[in-house]
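The structure appears right after this line, and notes come after that.
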Amino acid sequence: MSVCVIGAGYVGLATAAVLADLGHRVVCADTDANRIDSLNGGQCPIHEPDLPRMLRRNVKAQRLSFTTDTPAALRSSEIVFIAVGTPLDANGSADLSHLRAAALDIARALNGHKLIVNKSTIPATGRPGPAGQIPPHVGRGCDRNELGWLGWLPLVWHGRLS
Ligand SMILES: NC(=O)c1ccc[n+]([C@@H]2O[C@H](COP(=O)([O-])OP(=O)(O)OC[C@H]3O[C@@H](n4cnc5c(N)ncnc54)[C@H](O)[C@@H]3O)[C@@H](O)[C@H]2O)c1
C-alpha cells in the first residue's frame with residue numbers, strides 16, 4: 001500500500017519506519033524543514049533504539065522518504081496516518097491547531113479513496129473524527145464517491161461518511 005504519515009515526530013517516525021519495514025511505500029511529511037533536511041541527510045532526530053537503522057534500511061530500499069510537501073505526499077497515498085502534536089495549553093486543554101491544519105491539507109489534496117487513521121491524542125467529545133474537525137473538511141467540495149473509510153486511533157471512530 002502507499003502510505004502518507006503526517007508528522008515526523010516520535011509517533012510518526014516510528015509508525016513510518018515500521019510500515020516501510022513491512023513493505024509498504026511510505027512518505028513521511030512534516031512542516032519542520034530542518035527536521036526533514038536532517039532525516040534526508042540520514043540523521044534520526046529522536047532517540048529510539050533501532051529506529052536509525054530501520055530508517056536507513058528503508059530509505060535505501062526506496063520504501064521510505066521524507067518531505068515538506070504534504071499535499072504531494074497525500075495525493076500519492078491510499079492511507080494517511082495523522083501523527084501531529086496536540087500539546088496541552090495553559091488550561092490543560094489539547095491544542096488542536098496542528099490537527100486542524102493537517103485536516104485541511106487532507107481535504108485540499110483529496111483525490112480519491114483514502115483511509116485516514118488518526119494517532120494524535122484528541123479529547124473524547126463523542127463527535128466523530130478528531131473533535132469533529134476532519135469529516136467536514138474532508139467532505140467539503142468532494143464527490144461523495146471519493147470519500148473512503150475513515151478510522152481514528154487511539155480513540156476509535158470507524159465508519160463511512162454518507
Ligand atoms: N496513538 C498512540 O499510540 C500515541 C502514543 C503517544 C502519543 N500519541 C500522540 O501522537 C501525537 C504526536 O506525538 P509525538 O510525540 O510524535 O509529537 P512530536 O511533537 O514529537 O511530533 C509532531 C510532529 O508533527 C509535526 N507537525 C505539526 N503540525 C504539522 C502539520 N500541519 N503537518 C505536518 N507536520 C506537522 C511537527 O513538526 C512534529 O515534527 C500527539 O498527539 C501524541 O499525544 C499517540
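Ordered as shown in the C-alpha cells, chains take letters A, B, and onward, while each chain numbers its residues from 1 and ligands are numbered from 1 in the order shown.
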
Check which residues of chain A sit at most 6 Å from ligand 1 using only C-alpha atoms and all ligand atoms, and return one row each with the closest pair of atoms and their distance in Å to one decimal, ordered by chain and rising number, as a Markdown table.
```
| residue | atom | partner | partner_atom_place_in_ligand_line | distance |
| --- | --- | --- | --- | --- |
| A:Ile6 | CA | ligand 1 | 33 (C) | 4.9 |
| A:Gly7 | CA | ligand 1 | 24 (O) | 3.5 |
| A:Ala8 | CA | ligand 1 | 39 (O) | 4.6 |
| A:Gly9 | CA | ligand 1 | 21 (O) | 3.2 |
| A:Tyr10 | CA | ligand 1 | 16 (O) | 3.6 |
| A:Val11 | CA | ligand 1 | 16 (O) | 3.7 |
| A:Gly12 | CA | ligand 1 | 16 (O) | 5.4 |
| A:Ala29 | CA | ligand 1 | 33 (C) | 5.6 |
| A:Asp30 | CA | ligand 1 | 34 (N) | 3.5 |
| A:Thr31 | CA | ligand 1 | 34 (N) | 4.6 |
| A:Asp32 | CA | ligand 1 | 37 (O) | 4.7 |
| A:Ala83 | CA | ligand 1 | 12 (C) | 4.6 |
| A:Val84 | CA | ligand 1 | 24 (O) | 3.6 |
| A:Gly85 | CA | ligand 1 | 40 (C) | 4.1 |
| A:Thr86 | CA | ligand 1 | 41 (O) | 4.1 |
| A:His98 | CA | ligand 1 | 28 (N) | 4.3 |
| A:Ala101 | CA | ligand 1 | 31 (N) | 4.7 |
| A:Ala102 | CA | ligand 1 | 31 (N) | 4.4 |
| A:Lys119 | CA | ligand 1 | 1 (N) | 4.0 |
| A:Ser120 | CA | ligand 1 | 41 (O) | 3.5 |
| A:Thr121 | CA | ligand 1 | 41 (O) | 3.9 |
| A:Leu153 | CA | ligand 1 | 1 (N) | 6.0 |
| A:Pro154 | CA | ligand 1 | 1 (N) | 4.9 |
```

Report task. Write out as a list in words each polymer residue whose atoms come within 9 Å of A:Asn40, counting only C-alpha atoms; drop sequence neighbours fewer than 6 positions from it. Result ->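 Returned residues: Val59, Ser65, Phe66 and Thr67 of chain A.
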
Report task. Mind checking which residues fall within 9 Å of A:His24, counting only C-alpha atoms, ignoring those fewer than 3 positions away in the same chain, and posting them as a list in words? Result ->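 The neighbour list is Met1, Ser2, Val3, Leu19, Ala20, Asp21, Arg63 and Leu64 of chain A.
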
Would you save the residues from that selection as a PDB file, in the first residue's frame, using C-alpha atoms?
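Output contents, as saved in out_33.pdb:
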```
ATOM      1  CA  MET A   1       0.000   0.000   0.000  1.00  0.00           C
ATOM      2  CA  SER A   2       1.070   3.604  -0.385  1.00  0.00           C
ATOM      3  CA  VAL A   3       1.050   5.458   2.922  1.00  0.00           C
ATOM      4  CA  LEU A  19       5.123   0.312   7.953  1.00  0.00           C
ATOM      5  CA  ALA A  20       8.014   0.669   5.499  1.00  0.00           C
ATOM      6  CA  ASP A  21       9.720  -2.325   7.111  1.00  0.00           C
ATOM      7  CA  ARG A  63      10.282   2.360   0.564  1.00  0.00           C
ATOM      8  CA  LEU A  64      10.594   5.411   2.822  1.00  0.00           C
TER       9      LEU A  64
END
```

Report task. One decimal, Å: what's the distance from atom CA of A:Leu110 over to atom CA of A:Thr68, could you say? Result -> 17.3 Å

Requested in this report: Would you list, as a VMD selection string, the residues of stretch 70-102 of chain A that end up in helix (DSSP H, G or I) under DSSP run on this structure's backbone?
Outcome: chain A and resid 70 to 75 97 to 102

Query - Option closest in space to A:Ala103, from A:Pro45, A:Pro52, A:Pro71, A:Gly23 [counting only C-alpha atoms] - result: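 Distance minimum relative to A:Ala103 lands on A:Pro71.
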
Query raised in the report: Which residue out of A:Asn34, A:Asn91, A:Asn58, A:Asn118 has the minimum interatomic distance to A:Leu22 when only C-alpha atoms are used?
Result: A:Asn58

Requested in this report: Show which residues sit within 10 Å of A:Ala109, as an NGL selection string. Count only C-alpha atoms, and ignore same-chain residues fewer than 5 positions away.
Outcome: :A and (70-76 or 103-104 or 138)

Query raised in the report: So which bits of stretch 5-120 of chain A end up strand (DSSP E or B) when you DSSP the backbone, as a ChimeraX atom specification?
Result: /A:5-6,25-29,64-67,79-82,88,94,115-118

Could you save the residues just selected, with C-alpha atoms, as a PDB file, in the first residue's frame?
```
ATOM      1  CA  VAL A   5       2.354   9.816   7.611  1.00  0.00           C
ATOM      2  CA  ILE A   6       1.756  13.453   8.589  1.00  0.00           C
ATOM      3  CA  ARG A  25       5.755   2.600   0.395  1.00  0.00           C
ATOM      4  CA  VAL A  26       5.728   5.388   2.964  1.00  0.00           C
ATOM      5  CA  VAL A  27       6.135   9.147   2.625  1.00  0.00           C
ATOM      6  CA  CYS A  28       6.550  10.977   5.911  1.00  0.00           C
ATOM      7  CA  ALA A  29       5.583  14.672   5.720  1.00  0.00           C
ATOM      8  CA  LEU A  64      10.594   5.411   2.822  1.00  0.00           C
ATOM      9  CA  SER A  65      11.037   9.102   2.046  1.00  0.00           C
ATOM     10  CA  PHE A  66      10.633  12.432   3.834  1.00  0.00           C
ATOM     11  CA  THR A  67       9.161  15.665   2.555  1.00  0.00           C
ATOM     12  CA  ILE A  79      -3.695   5.503   3.578  1.00  0.00           C
ATOM     13  CA  VAL A  80      -2.975   8.578   5.698  1.00  0.00           C
ATOM     14  CA  PHE A  81      -1.766   8.466   9.300  1.00  0.00           C
ATOM     15  CA  ILE A  82      -2.073  11.710  11.256  1.00  0.00           C
ATOM     16  CA  LEU A  88      -1.700  20.822  26.294  1.00  0.00           C
ATOM     17  CA  ALA A  94      -5.388  19.975  23.933  1.00  0.00           C
ATOM     18  CA  LEU A 115      -8.222   5.515   4.728  1.00  0.00           C
ATOM     19  CA  ILE A 116      -7.380   8.108   7.364  1.00  0.00           C
ATOM     20  CA  VAL A 117      -6.021   6.936  10.689  1.00  0.00           C
ATOM     21  CA  ASN A 118      -5.574   9.453  13.455  1.00  0.00           C
TER      22      ASN A 118
END
```

Query - Point-to-point distance in Å for atom CA of A:Cys4 and atom CA of A:Asp105 - result: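 Rounded to one decimal, the two atoms are 12.0 Å apart.
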